[in-house]
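> Structure file model04.pdb (PDB, C-alpha atoms and all ligand atoms) is given on the next line.
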ATOM      1  CA  MET R  92     -11.374 -50.217  19.988
ATOM      2  CA  GLU R  93     -14.270 -48.000  18.852
ATOM      3  CA  ARG R  94     -14.717 -44.683  20.606
ATOM      4  CA  PRO R  95     -17.761 -44.635  22.948
ATOM      5  CA  TYR R  96     -20.915 -42.738  22.072
ATOM      6  CA  ILE R  97     -20.955 -39.204  23.471
ATOM      7  CA  LEU R  98     -24.606 -38.218  23.564
ATOM      8  CA  PRO R  99     -25.805 -34.642  23.019
ATOM      9  CA  ARG R 100     -26.428 -32.277  25.948
ATOM     10  CA  ILE R 101     -29.835 -32.376  27.608
ATOM     11  CA  ALA R 102     -31.964 -29.737  25.915
ATOM     12  CA  SER R 103     -35.379 -28.142  26.425
ATOM     13  CA  PRO R 104     -37.791 -26.133  24.265
ATOM     14  CA  ASP R 105     -36.192 -22.975  25.755
ATOM     15  CA  LYS R 106     -32.699 -24.123  24.762
ATOM     16  CA  PRO R 107     -33.316 -26.557  21.885
ATOM     17  CA  LEU R 108     -30.634 -28.784  20.411
ATOM     18  CA  LYS R 109     -29.451 -27.401  17.075
ATOM     19  CA  ILE R 110     -29.789 -30.138  14.503
ATOM     20  CA  ALA R 111     -28.651 -30.629  10.922
ATOM     21  CA  VAL R 112     -30.764 -32.883   8.702
ATOM     22  CA  LEU R 113     -28.913 -34.705   5.909
ATOM     23  CA  ILE R 114     -30.976 -35.913   2.945
ATOM     24  CA  SER R 115     -30.442 -37.362  -0.518
ATOM     25  CA  GLY R 116     -33.898 -37.564  -2.062
ATOM     26  CA  SER R 117     -37.552 -36.688  -1.694
ATOM     27  CA  GLY R 118     -37.245 -35.517   1.913
ATOM     28  CA  SER R 119     -40.634 -36.702   3.149
ATOM     29  CA  GLY R 120     -39.050 -37.424   6.546
ATOM     30  CA  LEU R 121     -37.573 -33.913   6.655
ATOM     31  CA  LYS R 122     -40.982 -32.453   5.804
ATOM     32  CA  ALA R 123     -42.620 -34.408   8.661
ATOM     33  CA  LEU R 124     -39.917 -33.270  11.087
ATOM     34  CA  LEU R 125     -40.225 -29.588  10.129
ATOM     35  CA  ASN R 126     -43.951 -29.880  10.566
ATOM     36  CA  TYR R 127     -43.482 -31.397  14.025
ATOM     37  CA  GLN R 128     -41.095 -28.596  14.958
ATOM     38  CA  LYS R 129     -43.759 -25.943  14.275
ATOM     39  CA  THR R 130     -44.505 -26.419  17.976
ATOM     40  CA  PRO R 131     -41.427 -25.521  20.059
ATOM     41  CA  ARG R 132     -39.533 -28.751  20.810
ATOM     42  CA  SER R 133     -36.263 -29.554  22.504
ATOM     43  CA  HIS R 134     -34.674 -29.751  19.012
ATOM     44  CA  ILE R 135     -34.717 -27.290  16.133
ATOM     45  CA  THR R 136     -33.500 -27.687  12.539
ATOM     46  CA  LYS R 137     -30.788 -25.114  11.844
ATOM     47  CA  LEU R 138     -29.151 -26.658   8.779
ATOM     48  CA  ILE R 139     -30.209 -28.917   5.900
ATOM     49  CA  ILE R 140     -27.629 -30.578   3.671
ATOM     50  CA  SER R 141     -28.111 -32.716   0.601
ATOM     51  CA  ASP R 142     -25.391 -34.595  -1.241
ATOM     52  CA  ASN R 143     -27.019 -33.763  -4.567
ATOM     53  CA  ASP R 144     -28.461 -30.665  -6.240
ATOM     54  CA  ASP R 145     -31.572 -32.507  -7.432
ATOM     55  CA  ALA R 146     -32.812 -33.677  -4.040
ATOM     56  CA  LYS R 147     -36.498 -32.726  -3.974
ATOM     57  CA  GLY R 148     -36.375 -32.340  -0.205
ATOM     58  CA  LEU R 149     -34.178 -29.220  -0.476
ATOM     59  CA  LYS R 150     -37.315 -27.215  -1.205
ATOM     60  CA  TYR R 151     -38.650 -27.767   2.333
ATOM     61  CA  GLY R 152     -35.632 -25.967   3.762
ATOM     62  CA  TYR R 153     -35.824 -23.087   1.262
ATOM     63  CA  GLU R 154     -39.560 -22.674   1.961
ATOM     64  CA  LYS R 155     -38.889 -22.263   5.672
ATOM     65  CA  ASN R 156     -35.809 -20.045   5.241
ATOM     66  CA  ILE R 157     -33.603 -22.582   6.970
ATOM     67  CA  ASN R 158     -29.913 -22.589   6.021
ATOM     68  CA  THR R 159     -30.078 -25.191   3.210
ATOM     69  CA  LYS R 160     -27.072 -26.378   1.198
ATOM     70  CA  SER R 161     -26.425 -28.828  -1.547
ATOM     71  CA  ILE R 162     -22.925 -30.250  -1.185
ATOM     72  CA  PRO R 163     -22.236 -32.691  -4.030
ATOM     73  CA  LEU R 164     -19.144 -34.881  -4.151
ATOM     74  CA  PRO R 165     -16.158 -32.790  -5.262
ATOM     75  CA  ASP R 166     -14.699 -33.488  -8.677
ATOM     76  CA  VAL R 167     -11.756 -35.653  -7.597
ATOM     77  CA  SER R 168     -10.940 -38.973  -9.254
ATOM     78  CA  ASP R 169      -9.494 -40.735  -6.184
ATOM     79  CA  LYS R 170     -12.642 -42.100  -4.466
ATOM     80  CA  LYS R 171     -11.120 -42.187  -0.984
ATOM     81  CA  LYS R 172      -9.912 -38.581  -1.214
ATOM     82  CA  GLN R 173     -13.270 -37.574  -2.679
ATOM     83  CA  ARG R 174     -15.195 -38.949   0.330
ATOM     84  CA  ILE R 175     -12.839 -37.312   2.807
ATOM     85  CA  LEU R 176     -13.016 -33.936   1.039
ATOM     86  CA  HIS R 177     -16.801 -34.161   0.801
ATOM     87  CA  GLU R 178     -17.195 -34.887   4.490
ATOM     88  CA  GLY R 179     -14.716 -32.104   5.242
ATOM     89  CA  LEU R 180     -17.012 -29.634   3.444
ATOM     90  CA  ILE R 181     -20.008 -30.950   5.413
ATOM     91  CA  HIS R 182     -18.078 -30.761   8.698
ATOM     92  CA  ILE R 183     -17.256 -27.084   8.071
ATOM     93  CA  GLU R 184     -20.967 -26.257   7.640
ATOM     94  CA  LEU R 185     -21.868 -28.209  10.782
ATOM     95  CA  ILE R 186     -19.332 -26.258  12.808
ATOM     96  CA  LYS R 187     -20.353 -22.900  11.269
ATOM     97  CA  SER R 188     -23.968 -23.528  12.299
ATOM     98  CA  LYS R 189     -22.938 -24.796  15.772
ATOM     99  CA  ILE R 190     -24.741 -28.087  15.129
ATOM    100  CA  GLU R 191     -25.182 -30.405  18.118
ATOM    101  CA  LEU R 192     -26.885 -33.403  16.471
ATOM    102  CA  ILE R 193     -26.787 -34.801  12.921
ATOM    103  CA  VAL R 194     -30.043 -36.401  11.775
ATOM    104  CA  LEU R 195     -29.734 -38.671   8.742
ATOM    105  CA  SER R 196     -33.094 -38.764   6.984
ATOM    106  CA  GLY R 197     -32.817 -40.717   3.762
ATOM    107  CA  TYR R 198     -29.119 -39.817   3.424
ATOM    108  CA  MET R 199     -27.849 -42.534   1.106
ATOM    109  CA  ARG R 200     -24.099 -42.244   1.642
ATOM    110  CA  ILE R 201     -22.019 -44.264   4.113
ATOM    111  CA  LEU R 202     -20.032 -41.986   6.399
ATOM    112  CA  THR R 203     -16.330 -42.735   6.861
ATOM    113  CA  PRO R 204     -15.126 -44.010  10.263
ATOM    114  CA  SER R 205     -13.086 -40.820  10.684
ATOM    115  CA  PHE R 206     -16.189 -38.627  10.305
ATOM    116  CA  VAL R 207     -18.259 -40.894  12.565
ATOM    117  CA  THR R 208     -15.569 -40.818  15.257
ATOM    118  CA  LYS R 209     -15.763 -37.012  15.433
ATOM    119  CA  TRP R 210     -19.550 -37.070  15.939
ATOM    120  CA  LYS R 211     -20.139 -40.462  17.548
ATOM    121  CA  GLY R 212     -23.279 -40.377  19.716
ATOM    122  CA  ARG R 213     -24.437 -37.259  17.931
ATOM    123  CA  ILE R 214     -25.384 -38.897  14.604
ATOM    124  CA  VAL R 215     -28.717 -40.638  14.388
ATOM    125  CA  ASN R 216     -30.194 -42.544  11.445
ATOM    126  CA  ILE R 217     -33.527 -44.043  10.434
ATOM    127  CA  HIS R 218     -33.479 -47.265   8.469
ATOM    128  CA  PRO R 219     -36.505 -48.913   6.839
ATOM    129  CA  SER R 220     -36.225 -52.420   8.348
ATOM    130  CA  LEU R 221     -36.132 -54.103  11.715
ATOM    131  CA  LEU R 222     -32.356 -54.044  12.190
ATOM    132  CA  PRO R 223     -30.185 -56.070  12.451
ATOM    133  CA  ASP R 224     -32.236 -57.621   9.620
ATOM    134  CA  PHE R 225     -31.879 -56.153   6.142
ATOM    135  CA  PRO R 226     -29.258 -53.407   6.470
ATOM    136  CA  GLY R 227     -28.099 -51.566   3.344
ATOM    137  CA  ALA R 228     -29.726 -49.754   0.456
ATOM    138  CA  ASN R 229     -32.391 -52.327  -0.535
ATOM    139  CA  ALA R 230     -34.168 -53.105   2.714
ATOM    140  CA  HIS R 231     -37.703 -53.410   1.272
ATOM    141  CA  ARG R 232     -36.650 -55.655  -1.607
ATOM    142  CA  ASP R 233     -34.583 -57.830   0.714
ATOM    143  CA  ALA R 234     -37.405 -58.209   3.275
ATOM    144  CA  ILE R 235     -39.958 -59.180   0.596
ATOM    145  CA  ASN R 236     -37.542 -61.629  -1.057
ATOM    146  CA  ALA R 237     -36.781 -63.243   2.293
ATOM    147  CA  GLY R 238     -40.504 -63.953   2.746
ATOM    148  CA  VAL R 239     -40.694 -62.462   6.258
ATOM    149  CA  LYS R 240     -44.096 -61.423   7.617
ATOM    150  CA  LEU R 241     -42.915 -58.362   9.512
ATOM    151  CA  SER R 242     -40.800 -55.379   8.635
ATOM    152  CA  GLY R 243     -40.691 -51.852  10.031
ATOM    153  CA  CYS R 244     -38.216 -49.130  10.840
ATOM    154  CA  THR R 245     -35.334 -48.605  13.230
ATOM    155  CA  VAL R 246     -33.880 -45.415  14.664
ATOM    156  CA  HIS R 247     -30.285 -45.946  15.758
ATOM    157  CA  LEU R 248     -27.116 -44.118  16.679
ATOM    158  CA  VAL R 249     -24.517 -44.317  13.927
ATOM    159  CA  ASP R 250     -21.260 -46.191  14.447
ATOM    160  CA  SER R 251     -18.596 -47.023  11.889
ATOM    161  CA  GLY R 252     -20.488 -50.059  10.525
ATOM    162  CA  VAL R 253     -23.369 -50.048   8.040
ATOM    163  CA  ASP R 254     -26.654 -49.784  10.000
ATOM    164  CA  THR R 255     -25.048 -51.429  13.027
ATOM    165  CA  GLY R 256     -25.162 -48.730  15.735
ATOM    166  CA  MET R 257     -27.055 -48.782  19.031
ATOM    167  CA  ILE R 258     -30.794 -49.177  18.447
ATOM    168  CA  LEU R 259     -32.978 -46.507  20.070
ATOM    169  CA  GLU R 260     -36.478 -47.483  18.869
ATOM    170  CA  GLN R 261     -38.231 -49.739  16.370
ATOM    171  CA  ARG R 262     -41.782 -49.980  14.989
ATOM    172  CA  GLU R 263     -43.245 -52.948  13.112
ATOM    173  CA  VAL R 264     -45.503 -53.217  10.084
ATOM    174  CA  GLU R 265     -47.008 -56.364   8.624
ATOM    175  CA  ILE R 266     -45.909 -57.538   5.169
ATOM    176  CA  LEU R 267     -49.048 -58.691   3.343
ATOM    177  CA  PRO R 268     -48.968 -61.447   0.682
ATOM    178  CA  GLU R 269     -49.642 -58.915  -2.113
ATOM    179  CA  GLU R 270     -47.032 -56.408  -0.829
ATOM    180  CA  THR R 271     -44.781 -54.668  -3.362
ATOM    181  CA  ILE R 272     -41.617 -52.686  -2.698
ATOM    182  CA  GLN R 273     -43.609 -49.491  -3.295
ATOM    183  CA  THR R 274     -46.513 -50.332  -0.943
ATOM    184  CA  LEU R 275     -44.113 -51.474   1.764
ATOM    185  CA  GLN R 276     -42.035 -48.316   1.382
ATOM    186  CA  ASN R 277     -45.130 -46.101   1.699
ATOM    187  CA  LYS R 278     -46.358 -47.977   4.770
ATOM    188  CA  ILE R 279     -42.977 -47.762   6.480
ATOM    189  CA  LYS R 280     -42.491 -44.076   5.661
ATOM    190  CA  LYS R 281     -45.802 -43.345   7.379
ATOM    191  CA  ILE R 282     -44.635 -44.863  10.682
ATOM    192  CA  GLU R 283     -41.155 -43.345  10.272
ATOM    193  CA  HIS R 284     -42.714 -39.880  10.118
ATOM    194  CA  GLU R 285     -44.398 -40.449  13.485
ATOM    195  CA  LEU R 286     -41.517 -42.224  15.176
ATOM    196  CA  TYR R 287     -38.425 -40.180  14.231
ATOM    197  CA  PRO R 288     -39.512 -36.780  15.648
ATOM    198  CA  ARG R 289     -40.498 -38.462  18.925
ATOM    199  CA  VAL R 290     -37.179 -40.295  19.210
ATOM    200  CA  LEU R 291     -35.467 -36.928  18.684
ATOM    201  CA  ASP R 292     -37.515 -35.573  21.610
ATOM    202  CA  SER R 293     -36.311 -38.424  23.822
ATOM    203  CA  LEU R 294     -32.700 -38.105  22.685
ATOM    204  CA  SER R 295     -32.724 -34.325  23.228
ATOM    205  CA  GLU R 296     -34.275 -34.720  26.644
ATOM    206  CA  GLY R 297     -31.630 -37.199  27.820
ATOM    207  CA  LEU R 298     -33.866 -40.287  27.983
ATOM    208  CA  TYR R 299     -31.353 -42.648  26.361
ATOM    209  CA  HIS R 300     -28.145 -43.930  27.901
ATOM    210  CA  SER R 301     -25.273 -45.171  25.826
ATOM    211  CA  LYS R 302     -24.196 -48.812  26.180
ATOM    212  CA  SER R 303     -20.651 -48.330  24.877
TER     213      SER R 303
HETATM  214  C1  LIG S   1     -36.759 -43.503   4.331
HETATM  215  O1  LIG S   1     -37.646 -44.591   4.248
HETATM  216  C2  LIG S   1     -35.532 -43.878   5.113
HETATM  217  O2  LIG S   1     -35.769 -44.828   6.113
HETATM  218  C3  LIG S   1     -34.679 -44.495   4.040
HETATM  219  O3  LIG S   1     -34.859 -43.684   2.920
HETATM  220  C4  LIG S   1     -36.191 -43.152   2.950
HETATM  221  C5  LIG S   1     -36.088 -41.654   2.734
HETATM  222  O4  LIG S   1     -37.294 -41.113   2.371
HETATM  223  N1  LIG S   1     -33.298 -44.527   4.441
HETATM  224  C6  LIG S   1     -32.458 -45.463   4.075
HETATM  225  O5  LIG S   1     -32.749 -46.371   3.328
HETATM  226  C7  LIG S   1     -31.062 -45.305   4.641
HETATM  227  N2  LIG S   1     -30.300 -46.490   4.445
HETATM  228  P1  LIG S   1     -37.475 -39.537   2.203
HETATM  229  O6  LIG S   1     -36.323 -39.013   1.359
HETATM  230  O7  LIG S   1     -38.806 -39.381   1.520
HETATM  231  O8  LIG S   1     -37.471 -38.948   3.608
END
Take the structure from the file and write it as structure tokens.

Amino acid sequence: MERPYILPRIASPDKPLKIAVLISGSGSGLKALLNYQKTPRSHITKLIISDNDDAKGLKYGYEKNINTKSIPLPDVSDKKKQRILHEGLIHIELIKSKIELIVLSGYMRILTPSFVTKWKGRIVNIHPSLLPDFPGANAHRDAINAGVKLSGCTVHLVDSGVDTGMILEQREVEILPEETIQTLQNKIKKIEHELYPRVLDSLSEGLYHSKS
């Protein structure tokens, strides 16, 4: 049986939840979040981690003097050991920075069940589709190919499946007949940047209750 979600403590702008943002790429979601946090919120970014040195989003952390680390996969040929070692390195940084909530923002790696179990209820992800439809790495392509008229984004707690955890919020966008993967991605990122910081407010302020 899966371990239940253990949600973060209830925080306030005076005692904000310390969050780590994990990214893999351009970091536009991270940029929007840091911008939102210019006003004191009940969450504050204390650590930024990328799984690759080239992630453009790393610059947003350096610019703001936030503890920002690139932690690439270690050079180990056994893939299973490599994932475990990698997550071990990430876990050490999370503990060092006393992180209370992990925010996946365009982090393109699947976390192992053993990592998720340690943090379950305190890992949140944003996915660019209306889950449970179109999980995985190619959500925009899959939605367009399926011919659906609506897509959007989903913020959810992470469990040991792929994009299967408890849904917190969703927002819809229309898919137009001339839509391309790029135009759909841009449209969805725009609503993600509004939605995710607000869901983090609600999560930090104790407005969600876990179902299992
Ligand atoms: C976002 O659209 C996010 O939903 C998606 O990657 C993009 C990251 O953009 N995440 C996933 O697909 C996770 N499966 P960004 O790097 O510009 O913030």
> Residues up to 9 Å from ligand LIG 1 (chain S), counting all atoms listed in the file: could you list those as a PDB file with C-alpha atoms, in the frame of the given file?

ATOM      1  CA  ILE R 114     -30.976 -35.913   2.945  1.00  0.00           C
ATOM      2  CA  SER R 115     -30.442 -37.362  -0.518  1.00  0.00           C
ATOM      3  CA  GLY R 116     -33.898 -37.564  -2.062  1.00  0.00           C
ATOM      4  CA  SER R 117     -37.552 -36.688  -1.694  1.00  0.00           C
ATOM      5  CA  GLY R 118     -37.245 -35.517   1.913  1.00  0.00           C
ATOM      6  CA  SER R 119     -40.634 -36.702   3.149  1.00  0.00           C
ATOM      7  CA  GLY R 120     -39.050 -37.424   6.546  1.00  0.00           C
ATOM      8  CA  LEU R 121     -37.573 -33.913   6.655  1.00  0.00           C
ATOM      9  CA  LYS R 122     -40.982 -32.453   5.804  1.00  0.00           C
ATOM     10  CA  ALA R 123     -42.620 -34.408   8.661  1.00  0.00           C
ATOM     11  CA  ALA R 146     -32.812 -33.677  -4.040  1.00  0.00           C
ATOM     12  CA  LYS R 147     -36.498 -32.726  -3.974  1.00  0.00           C
ATOM     13  CA  GLY R 148     -36.375 -32.340  -0.205  1.00  0.00           C
ATOM     14  CA  LEU R 195     -29.734 -38.671   8.742  1.00  0.00           C
ATOM     15  CA  SER R 196     -33.094 -38.764   6.984  1.00  0.00           C
ATOM     16  CA  GLY R 197     -32.817 -40.717   3.762  1.00  0.00           C
ATOM     17  CA  TYR R 198     -29.119 -39.817   3.424  1.00  0.00           C
ATOM     18  CA  MET R 199     -27.849 -42.534   1.106  1.00  0.00           C
ATOM     19  CA  ARG R 200     -24.099 -42.244   1.642  1.00  0.00           C
ATOM     20  CA  ILE R 201     -22.019 -44.264   4.113  1.00  0.00           C
ATOM     21  CA  ASN R 216     -30.194 -42.544  11.445  1.00  0.00           C
ATOM     22  CA  ILE R 217     -33.527 -44.043  10.434  1.00  0.00           C
ATOM     23  CA  HIS R 218     -33.479 -47.265   8.469  1.00  0.00           C
ATOM     24  CA  PRO R 219     -36.505 -48.913   6.839  1.00  0.00           C
ATOM     25  CA  SER R 220     -36.225 -52.420   8.348  1.00  0.00           C
ATOM     26  CA  PRO R 226     -29.258 -53.407   6.470  1.00  0.00           C
ATOM     27  CA  GLY R 227     -28.099 -51.566   3.344  1.00  0.00           C
ATOM     28  CA  ALA R 228     -29.726 -49.754   0.456  1.00  0.00           C
ATOM     29  CA  ASN R 229     -32.391 -52.327  -0.535  1.00  0.00           C
ATOM     30  CA  ALA R 230     -34.168 -53.105   2.714  1.00  0.00           C
ATOM     31  CA  HIS R 231     -37.703 -53.410   1.272  1.00  0.00           C
ATOM     32  CA  CYS R 244     -38.216 -49.130  10.840  1.00  0.00           C
ATOM     33  CA  THR R 245     -35.334 -48.605  13.230  1.00  0.00           C
ATOM     34  CA  VAL R 246     -33.880 -45.415  14.664  1.00  0.00           C
ATOM     35  CA  VAL R 253     -23.369 -50.048   8.040  1.00  0.00           C
ATOM     36  CA  ASP R 254     -26.654 -49.784  10.000  1.00  0.00           C
ATOM     37  CA  GLN R 276     -42.035 -48.316   1.382  1.00  0.00           C
ATOM     38  CA  ASN R 277     -45.130 -46.101   1.699  1.00  0.00           C
ATOM     39  CA  ILE R 279     -42.977 -47.762   6.480  1.00  0.00           C
ATOM     40  CA  LYS R 280     -42.491 -44.076   5.661  1.00  0.00           C
ATOM     41  CA  LYS R 281     -45.802 -43.345   7.379  1.00  0.00           C
ATOM     42  CA  GLU R 283     -41.155 -43.345  10.272  1.00  0.00           C
ATOM     43  CA  HIS R 284     -42.714 -39.880  10.118  1.00  0.00           C
TER      44      HIS R 284
END
> Find the distance between CA of Arg174 in chain R and CA of Glu191 in chain R and write it in Å to one decimal.
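Going from CA of Arg174 in chain R over to CA of Glu191 in chain R, I get 22.1 Å.
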> If you apply the PyMOL selection byres (((chain R and resi 210) around 12) and not hetatm) to this file, what residues do you get, as a VMD selection string?
chain R and resid 94 to 99 178 182 185 to 186 190 to 194 202 to 209 211 to 215 248 to 251
> Report as a PDB file with C-alpha atoms, keeping the file's coordinate frame the residues that result from applying the PyMOL selection byres (((chain R and resi 157) around 8) and not hetatm) to the structure here.

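This went into out-v4.pdb:
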ATOM      1  CA  THR R 136     -33.500 -27.687  12.539  1.00  0.00           C
ATOM      2  CA  LYS R 137     -30.788 -25.114  11.844  1.00  0.00           C
ATOM      3  CA  LEU R 138     -29.151 -26.658   8.779  1.00  0.00           C
ATOM      4  CA  ILE R 139     -30.209 -28.917   5.900  1.00  0.00           C
ATOM      5  CA  GLY R 152     -35.632 -25.967   3.762  1.00  0.00           C
ATOM      6  CA  TYR R 153     -35.824 -23.087   1.262  1.00  0.00           C
ATOM      7  CA  GLU R 154     -39.560 -22.674   1.961  1.00  0.00           C
ATOM      8  CA  LYS R 155     -38.889 -22.263   5.672  1.00  0.00           C
ATOM      9  CA  ASN R 156     -35.809 -20.045   5.241  1.00  0.00           C
ATOM     10  CA  ASN R 158     -29.913 -22.589   6.021  1.00  0.00           C
ATOM     11  CA  THR R 159     -30.078 -25.191   3.210  1.00  0.00           C
TER      12      THR R 159
END
> How far is it from CA of Lys160 in chain R to CA of Ile175 in chain R, in Å with one decimal?
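Between CA of Lys160 in chain R and CA of Ile175 in chain R the gap works out to 18.0 Å.
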> Report, as JSON, the centre and edge lengths in Å (one decimal) of the axis-aligned box enclosing every listed atom of range 156-173 of chain R, padded by 3 Å on each side.

{"center_x": -22.7, "center_y": -31.1, "center_z": -1.1, "size_x": 32.3, "size_y": 28.1, "size_z": 22.2}
